[in-house]
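*Asks:* Pasting coords30.tsv below, which is TSV, N, CA and C atoms.
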```tsv
chain	number	residue	atom	x	y	z
A	1	MET	N	136.57	112.35	123.86
A	1	MET	CA	137.98	112.55	123.67
A	1	MET	C	138.33	112.35	122.21
A	2	PRO	N	138.99	113.32	121.56
A	2	PRO	CA	139.34	113.16	120.15
A	2	PRO	C	140.33	112.02	119.94
A	3	GLN	N	140.14	111.27	118.88
A	3	GLN	CA	141.09	110.24	118.50
A	3	GLN	C	141.89	110.74	117.30
A	4	THR	N	143.05	110.21	117.12
A	4	THR	CA	143.86	110.64	115.99
A	4	THR	C	143.85	109.57	114.91
A	5	ALA	N	143.90	110.02	113.68
A	5	ALA	CA	143.97	109.12	112.53
A	5	ALA	C	145.19	109.53	111.71
A	6	PRO	N	145.97	108.56	111.29
A	6	PRO	CA	147.19	108.91	110.54
A	6	PRO	C	146.86	109.53	109.19
A	7	LEU	N	147.65	110.55	108.83
A	7	LEU	CA	147.58	111.16	107.51
A	7	LEU	C	148.83	110.77	106.75
A	8	SER	N	148.90	111.15	105.50
A	8	SER	CA	150.09	110.86	104.72
A	8	SER	C	151.29	111.60	105.31
A	9	LYS	N	152.47	111.09	105.14
A	9	LYS	CA	153.74	111.66	105.58
A	9	LYS	C	153.83	111.79	107.10
A	10	GLY	N	153.17	110.86	107.83
A	10	GLY	CA	153.36	110.81	109.27
A	10	GLY	C	152.56	111.82	110.08
A	11	ARG	N	151.82	112.72	109.45
A	11	ARG	CA	151.03	113.68	110.23
A	11	ARG	C	149.76	112.99	110.72
A	12	THR	N	149.15	113.56	111.74
A	12	THR	CA	147.90	113.01	112.25
A	12	THR	C	146.81	114.06	112.20
A	13	LYS	N	145.59	113.59	112.11
A	13	LYS	CA	144.43	114.45	112.07
A	13	LYS	C	143.50	114.00	113.19
A	14	LYS	N	142.89	114.97	113.89
A	14	LYS	CA	141.97	114.62	114.97
A	14	LYS	C	140.62	114.25	114.37
A	15	VAL	N	140.07	113.14	114.83
A	15	VAL	CA	138.75	112.68	114.42
A	15	VAL	C	137.86	112.76	115.66
A	16	LEU	N	136.82	113.57	115.55
A	16	LEU	CA	135.92	113.73	116.69
A	16	LEU	C	134.79	112.71	116.62
A	17	GLU	N	134.53	112.09	117.75
A	17	GLU	CA	133.36	111.23	117.84
A	17	GLU	C	132.16	112.12	118.10
A	18	SER	N	131.00	111.64	117.76
A	18	SER	CA	129.79	112.41	118.01
A	18	SER	C	129.60	112.60	119.52
A	19	VAL	N	129.44	113.85	119.92
A	19	VAL	CA	129.21	114.13	121.34
A	19	VAL	C	127.71	114.14	121.64
A	20	PHE	N	126.88	114.13	120.61
A	20	PHE	CA	125.44	114.11	120.80
A	20	PHE	C	124.96	112.67	120.71
A	21	ARG	N	124.46	112.18	121.81
A	21	ARG	CA	123.93	110.83	121.85
A	21	ARG	C	122.46	110.89	122.25
A	22	ILE	N	121.64	110.12	121.57
A	22	ILE	CA	120.22	110.08	121.88
A	22	ILE	C	120.02	109.06	122.98
A	23	PRO	N	119.43	109.48	124.11
A	23	PRO	CA	119.19	108.52	125.18
A	23	PRO	C	118.30	107.37	124.71
A	24	PRO	N	118.55	106.16	125.18
A	24	PRO	CA	117.77	105.00	124.71
A	24	PRO	C	116.29	105.08	125.04
A	25	GLU	N	115.91	105.86	126.08
A	25	GLU	CA	114.49	105.95	126.42
A	25	GLU	C	113.71	106.80	125.41
A	26	LEU	N	114.41	107.59	124.60
A	26	LEU	CA	113.75	108.37	123.54
A	26	LEU	C	113.76	107.52	122.27
A	27	ASP	N	112.87	106.54	122.25
A	27	ASP	CA	112.91	105.51	121.21
A	27	ASP	C	111.88	105.70	120.10
A	28	MET	N	111.16	106.81	120.11
A	28	MET	CA	110.12	107.02	119.11
A	28	MET	C	110.35	108.35	118.40
A	29	SER	N	110.41	108.31	117.09
A	29	SER	CA	110.56	109.53	116.30
A	29	SER	C	109.22	109.86	115.65
A	30	LEU	N	108.81	111.13	115.81
A	30	LEU	CA	107.52	111.57	115.29
A	30	LEU	C	107.70	112.56	114.15
A	31	LEU	N	106.76	112.52	113.23
A	31	LEU	CA	106.62	113.55	112.21
A	31	LEU	C	105.24	114.15	112.44
A	32	LEU	N	105.20	115.42	112.86
A	32	LEU	CA	103.95	116.11	113.18
A	32	LEU	C	103.54	116.98	111.99
A	33	GLU	N	102.46	116.60	111.34
A	33	GLU	CA	101.99	117.30	110.14
A	33	GLU	C	100.70	118.07	110.43
A	34	PHE	N	100.72	119.37	110.14
A	34	PHE	CA	99.56	120.23	110.35
A	34	PHE	C	98.59	120.05	109.19
A	35	ILE	N	97.30	119.79	109.50
A	35	ILE	CA	96.32	119.58	108.43
A	35	ILE	C	95.30	120.70	108.34
A	36	GLY	N	95.40	121.69	109.24
A	36	GLY	CA	94.52	122.85	109.10
A	36	GLY	C	93.83	123.25	110.38
A	37	ALA	N	93.17	124.40	110.30
A	37	ALA	CA	92.45	124.95	111.45
A	37	ALA	C	91.20	125.64	110.94
A	38	ASN	N	90.14	125.61	111.74
A	38	ASN	CA	88.95	126.34	111.30
A	38	ASN	C	89.15	127.83	111.57
A	39	GLU	N	88.30	128.64	111.01
A	39	GLU	CA	88.49	130.10	111.04
A	39	GLU	C	88.44	130.69	112.44
A	40	ASP	N	87.74	130.05	113.35
A	40	ASP	CA	87.53	130.60	114.69
A	40	ASP	C	88.65	130.28	115.67
A	41	THR	N	89.71	129.61	115.25
A	41	THR	CA	90.76	129.20	116.19
A	41	THR	C	91.64	130.36	116.62
A	42	GLY	N	91.58	131.48	115.94
A	42	GLY	CA	92.39	132.64	116.33
A	42	GLY	C	93.82	132.52	115.83
A	43	HIS	N	94.68	133.31	116.43
A	43	HIS	CA	96.08	133.33	116.01
A	43	HIS	C	96.87	132.25	116.74
A	44	PHE	N	97.81	131.66	116.03
A	44	PHE	CA	98.70	130.68	116.64
A	44	PHE	C	100.01	130.70	115.87
A	45	LYS	N	101.07	130.29	116.54
A	45	LYS	CA	102.38	130.22	115.91
A	45	LYS	C	102.51	128.89	115.19
A	46	PRO	N	103.03	128.88	113.99
A	46	PRO	CA	103.26	127.59	113.34
A	46	PRO	C	104.36	126.83	114.09
A	47	LEU	N	104.26	125.53	114.06
A	47	LEU	CA	105.26	124.68	114.70
A	47	LEU	C	106.57	124.81	113.95
A	48	GLU	N	107.65	125.17	114.66
A	48	GLU	CA	108.94	125.40	114.00
A	48	GLU	C	109.59	124.10	113.53
A	49	LYS	N	109.53	123.08	114.37
A	49	LYS	CA	110.15	121.80	114.02
A	49	LYS	C	109.08	120.72	114.06
A	50	LYS	N	108.91	120.04	112.95
A	50	LYS	CA	107.87	119.01	112.91
A	50	LYS	C	108.41	117.62	113.21
A	51	PHE	N	109.71	117.49	113.43
A	51	PHE	CA	110.31	116.22	113.81
A	51	PHE	C	110.62	116.26	115.29
A	52	VAL	N	110.13	115.24	116.04
A	52	VAL	CA	110.31	115.20	117.49
A	52	VAL	C	110.69	113.78	117.88
A	53	ARG	N	111.60	113.66	118.83
A	53	ARG	CA	112.00	112.35	119.35
A	53	ARG	C	111.55	112.26	120.81
A	54	VAL	N	110.75	111.24	121.13
A	54	VAL	CA	110.18	111.09	122.46
A	54	VAL	C	110.18	109.62	122.88
A	55	SER	N	109.76	109.40	124.11
A	55	SER	CA	109.59	108.04	124.61
A	55	SER	C	108.35	107.42	124.00
A	56	GLY	N	108.41	106.14	123.73
A	56	GLY	CA	107.24	105.42	123.24
A	56	GLY	C	106.13	105.35	124.27
A	57	GLU	N	106.47	105.63	125.53
A	57	GLU	CA	105.48	105.64	126.60
A	57	GLU	C	104.71	106.96	126.67
A	58	ALA	N	105.13	107.95	125.91
A	58	ALA	CA	104.41	109.23	125.87
A	58	ALA	C	103.01	108.98	125.29
A	59	THR	N	102.06	109.76	125.77
A	59	THR	CA	100.68	109.61	125.30
A	59	THR	C	100.32	110.71	124.31
A	60	ILE	N	99.18	110.55	123.68
A	60	ILE	CA	98.66	111.60	122.79
A	60	ILE	C	98.41	112.86	123.60
A	61	GLY	N	98.05	112.72	124.87
A	61	GLY	CA	97.90	113.88	125.75
A	61	GLY	C	99.19	114.67	125.87
A	62	HIS	N	100.34	113.97	125.93
A	62	HIS	CA	101.64	114.64	125.98
A	62	HIS	C	101.92	115.37	124.67
A	63	VAL	N	101.59	114.73	123.55
A	63	VAL	CA	101.80	115.37	122.24
A	63	VAL	C	100.93	116.62	122.13
A	64	GLU	N	99.68	116.52	122.59
A	64	GLU	CA	98.79	117.68	122.55
A	64	GLU	C	99.35	118.82	123.41
A	65	LYS	N	99.83	118.49	124.59
A	65	LYS	CA	100.40	119.51	125.48
A	65	LYS	C	101.61	120.18	124.83
A	66	PHE	N	102.45	119.39	124.18
A	66	PHE	CA	103.61	119.91	123.45
A	66	PHE	C	103.17	120.89	122.37
A	67	LEU	N	102.17	120.49	121.57
A	67	LEU	CA	101.67	121.35	120.50
A	67	LEU	C	101.08	122.65	121.06
A	68	ARG	N	100.33	122.55	122.14
A	68	ARG	CA	99.72	123.74	122.76
A	68	ARG	C	100.78	124.74	123.19
A	69	ARG	N	101.84	124.23	123.82
A	69	ARG	CA	102.90	125.13	124.30
A	69	ARG	C	103.69	125.75	123.16
A	70	LYS	N	104.07	124.95	122.21
A	70	LYS	CA	104.91	125.43	121.11
A	70	LYS	C	104.15	126.39	120.19
A	71	MET	N	102.84	126.18	120.05
A	71	MET	CA	102.05	126.99	119.13
A	71	MET	C	101.31	128.13	119.83
A	72	GLY	N	101.37	128.19	121.16
A	72	GLY	CA	100.71	129.24	121.90
A	72	GLY	C	99.19	129.21	121.71
A	73	LEU	N	98.60	128.03	121.83
A	73	LEU	CA	97.18	127.87	121.55
A	73	LEU	C	96.30	128.35	122.70
A	74	ASP	N	95.17	128.91	122.33
A	74	ASP	CA	94.14	129.33	123.28
A	74	ASP	C	93.54	128.09	123.94
A	75	PRO	N	93.19	128.16	125.24
A	75	PRO	CA	92.58	126.99	125.89
A	75	PRO	C	91.28	126.51	125.24
A	76	ALA	N	90.56	127.41	124.57
A	76	ALA	CA	89.31	127.03	123.90
A	76	ALA	C	89.55	126.24	122.63
A	77	CYS	N	90.78	126.23	122.16
A	77	CYS	CA	91.13	125.53	120.92
A	77	CYS	C	91.29	124.03	121.20
A	78	GLN	N	90.63	123.23	120.41
A	78	GLN	CA	90.73	121.77	120.54
A	78	GLN	C	91.75	121.27	119.53
A	79	VAL	N	92.63	120.36	119.96
A	79	VAL	CA	93.63	119.76	119.08
A	79	VAL	C	93.21	118.33	118.79
A	80	ASP	N	92.94	118.02	117.53
A	80	ASP	CA	92.62	116.66	117.12
A	80	ASP	C	93.86	116.06	116.48
A	81	ILE	N	94.24	114.87	116.94
A	81	ILE	CA	95.44	114.20	116.43
A	81	ILE	C	95.00	112.89	115.78
A	82	ILE	N	95.49	112.68	114.56
A	82	ILE	CA	95.08	111.55	113.73
A	82	ILE	C	96.30	110.79	113.28
A	83	CYS	N	96.19	109.47	113.23
A	83	CYS	CA	97.23	108.63	112.64
A	83	CYS	C	96.53	107.74	111.62
A	84	GLY	N	96.92	107.88	110.36
A	84	GLY	CA	96.21	107.18	109.29
A	84	GLY	C	94.80	107.73	109.23
A	85	ASP	N	93.81	106.86	109.41
A	85	ASP	CA	92.42	107.32	109.45
A	85	ASP	C	91.82	107.14	110.84
A	86	HIS	N	92.67	107.08	111.86
A	86	HIS	CA	92.23	106.88	113.24
A	86	HIS	C	92.36	108.18	114.04
A	87	LEU	N	91.25	108.64	114.62
A	87	LEU	CA	91.29	109.76	115.55
A	87	LEU	C	91.77	109.20	116.87
A	88	LEU	N	92.86	109.77	117.40
A	88	LEU	CA	93.51	109.21	118.59
A	88	LEU	C	92.96	109.80	119.87
A	89	GLU	N	92.99	108.98	120.92
A	89	GLU	CA	92.53	109.39	122.25
A	89	GLU	C	93.73	109.81	123.09
A	90	ARG	N	93.49	110.72	124.04
A	90	ARG	CA	94.55	111.29	124.88
A	90	ARG	C	95.33	110.23	125.66
A	91	TYR	N	94.70	109.14	126.05
A	91	TYR	CA	95.34	108.13	126.90
A	91	TYR	C	96.23	107.15	126.12
A	92	GLN	N	96.13	107.11	124.80
A	92	GLN	CA	96.88	106.14	124.01
A	92	GLN	C	98.37	106.48	123.98
A	93	THR	N	99.22	105.47	124.20
A	93	THR	CA	100.66	105.71	124.11
A	93	THR	C	101.11	105.58	122.65
A	94	LEU	N	102.21	106.20	122.34
A	94	LEU	CA	102.74	106.15	120.97
A	94	LEU	C	103.12	104.73	120.59
A	95	ARG	N	103.66	103.97	121.53
A	95	ARG	CA	104.04	102.58	121.25
A	95	ARG	C	102.80	101.75	120.92
A	96	GLU	N	101.70	101.95	121.66
A	96	GLU	CA	100.46	101.24	121.38
A	96	GLU	C	99.93	101.58	119.99
A	97	ILE	N	100.01	102.85	119.64
A	97	ILE	CA	99.53	103.30	118.33
A	97	ILE	C	100.34	102.65	117.22
A	98	ARG	N	101.64	102.65	117.37
A	98	ARG	CA	102.50	102.05	116.35
A	98	ARG	C	102.21	100.56	116.20
A	99	ARG	N	102.02	99.88	117.33
A	99	ARG	CA	101.73	98.45	117.32
A	99	ARG	C	100.37	98.18	116.67
A	100	ALA	N	99.37	98.98	117.01
A	100	ALA	CA	98.01	98.75	116.51
A	100	ALA	C	97.86	99.07	115.03
A	101	ILE	N	98.47	100.15	114.59
A	101	ILE	CA	98.28	100.58	113.20
A	101	ILE	C	99.33	99.97	112.27
A	102	GLY	N	100.50	99.68	112.80
A	102	GLY	CA	101.53	99.00	112.02
A	102	GLY	C	102.25	99.91	111.03
A	103	ASP	N	102.71	99.32	109.94
A	103	ASP	CA	103.51	100.04	108.95
A	103	ASP	C	102.76	101.19	108.29
A	104	ALA	N	101.45	101.13	108.29
A	104	ALA	CA	100.66	102.21	107.69
A	104	ALA	C	100.87	103.52	108.44
A	105	ALA	N	101.30	103.43	109.70
A	105	ALA	CA	101.53	104.63	110.52
A	105	ALA	C	102.92	105.21	110.33
A	106	MET	N	103.78	104.48	109.63
A	106	MET	CA	105.18	104.86	109.54
A	106	MET	C	105.55	105.43	108.17
A	107	GLN	N	106.53	106.34	108.19
A	107	GLN	CA	107.09	106.89	106.97
A	107	GLN	C	108.57	107.13	107.23
A	108	ASP	N	109.43	106.42	106.56
A	108	ASP	CA	110.88	106.54	106.73
A	108	ASP	C	111.31	106.41	108.19
A	109	GLY	N	110.70	105.46	108.92
A	109	GLY	CA	111.06	105.22	110.30
A	109	GLY	C	110.43	106.17	111.31
A	110	LEU	N	109.56	107.06	110.84
A	110	LEU	CA	108.90	108.03	111.71
A	110	LEU	C	107.43	107.68	111.86
A	111	LEU	N	106.90	107.84	113.09
A	111	LEU	CA	105.47	107.70	113.30
A	111	LEU	C	104.84	109.02	112.87
A	112	VAL	N	103.94	108.96	111.89
A	112	VAL	CA	103.34	110.17	111.32
A	112	VAL	C	102.02	110.46	112.02
A	113	LEU	N	101.96	111.64	112.64
A	113	LEU	CA	100.74	112.11	113.29
A	113	LEU	C	100.31	113.41	112.63
A	114	HIS	N	99.05	113.48	112.24
A	114	HIS	CA	98.48	114.69	111.67
A	114	HIS	C	97.64	115.37	112.75
A	115	TYR	N	97.68	116.69	112.79
A	115	TYR	CA	96.88	117.39	113.79
A	115	TYR	C	96.17	118.58	113.16
A	116	GLY	N	94.98	118.82	113.70
A	116	GLY	CA	94.16	119.94	113.25
A	116	GLY	C	93.62	120.68	114.45
A	117	LEU	N	93.24	121.94	114.23
A	117	LEU	CA	92.76	122.80	115.31
A	117	LEU	C	91.33	123.22	115.04
A	118	VAL	N	90.50	123.09	116.06
A	118	VAL	CA	89.11	123.54	115.98
A	118	VAL	C	88.75	124.22	117.30
A	119	VAL	N	87.72	125.06	117.27
A	119	VAL	CA	87.25	125.67	118.50
A	119	VAL	C	86.31	124.71	119.18
A	120	SER	N	86.55	124.46	120.46
A	120	SER	CA	85.68	123.56	121.22
A	120	SER	C	84.28	124.18	121.34
A	121	PRO	N	83.26	123.33	121.25
A	121	PRO	CA	81.91	123.86	121.44
A	121	PRO	C	81.75	124.34	122.89
A	122	LEU	N	80.88	125.34	123.08
A	122	LEU	CA	80.65	125.85	124.42
A	122	LEU	C	80.01	124.78	125.28
A	123	LYS	N	80.50	124.68	126.51
A	123	LYS	CA	79.94	123.70	127.43
A	123	LYS	C	78.79	124.36	128.20
A	124	ILE	N	77.68	123.70	128.27
A	124	ILE	CA	76.54	124.21	129.01
A	124	ILE	C	76.58	123.63	130.42
A	125	THR	N	76.55	124.52	131.41
A	125	THR	CA	76.60	124.05	132.80
A	125	THR	C	75.30	124.28	133.52
```
Written as structure tokens, how would this file's structure read?
*Replies:*
Amino acid sequence: MPQTAPLSKGRTKKVLESVFRIPPELDMSLLLEFIGANEDTGHFKPLEKKFVRVSGEATIGHVEKFLRRKMGLDPACQVDIICGDHLLERYQTLREIRRAIGDAAMQDGLLVLHYGLVVSPLKIT
């Protein structure tokens, strides 16, 4: 609901409150930085927005799934996600990563994750 604020000479001006509120469960802000792909990864769309807000309970597996969908990646393409100098595992939550790596993982309040694309080696069955 707009509130009014007095102007000079008795007039009023409407002041709008922000209608966009971030839900409290989305408590982790990410910066997703692309570090490259090998030649065999094929075509993919670049990520349009590299800033993402998610739950701290989200896992690296969720981040990988997000990247795959947004970039239209081939199933044979492997996504490696790194924080600092740590290669992350699919089961790790973002909150655990932030706690374990500390301030070295952060930049301006954002958890910085770097990702690269490689072609998975063929599996022999």
*Asks:* To one decimal place, how far is atom N of Ile35 in chain A from atom N of Gly116 in chain A in Å?
*Replies:*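 Separation between atom N of Ile35 in chain A and atom N of Gly116 in chain A: 4.9 Å.
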*Asks:* Which value, in Å to one decimal, gives the distance between atom C of Leu30 in chain A and CA of His114 in chain A?
*Replies:*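 Calculated distance between atom C of Leu30 in chain A and CA of His114 in chain A is 9.8 Å.
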*Asks:* For the atom pair CA of Ala100 in chain A and CA of Gly84 in chain A, what is the interatomic distance in Å to one decimal place?
*Replies:*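 Between CA of Ala100 in chain A and CA of Gly84 in chain A the gap works out to 11.2 Å.
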*Asks:* Residues at most 8 Å from Pro75 in chain A, counting all atoms listed in the file, excluding those fewer than 2 positions away in the same chain, as number ranges by chain?
*Replies:* A: 72-73, 77-78, 119-120
*Asks:* Between A:Ile82, A:Leu111, A:Met71, A:Ala37, single out the one closest to Leu94 in chain A, counting only C-alpha atoms.
*Replies:*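 With only C-alpha atoms as the atom set, the closest residue is A:Leu111.
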*Asks:* Neighbouring residues of Tyr91 in chain A were defined as those with any atom within 12 Å, considering only C-alpha atoms; residues of the same chain fewer than 2 positions away were excluded. Please report them as a list in words.
*Replies:*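 Once the nearby chain positions are removed, what remains is Glu57, Ala58, Thr59, Ile60, Gly61, His62, Val63, Glu64, Leu88, Glu89, Thr93, Leu94, Arg95, Glu96 and Ile97 of chain A.
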*Asks:* Write out as a VMD selection string all residues of range 19-93 of chain A that backbone DSSP assigns to strand (DSSP E).
*Replies:* chain A and resid 28 to 37 51 to 54 77 to 83 86 to 87
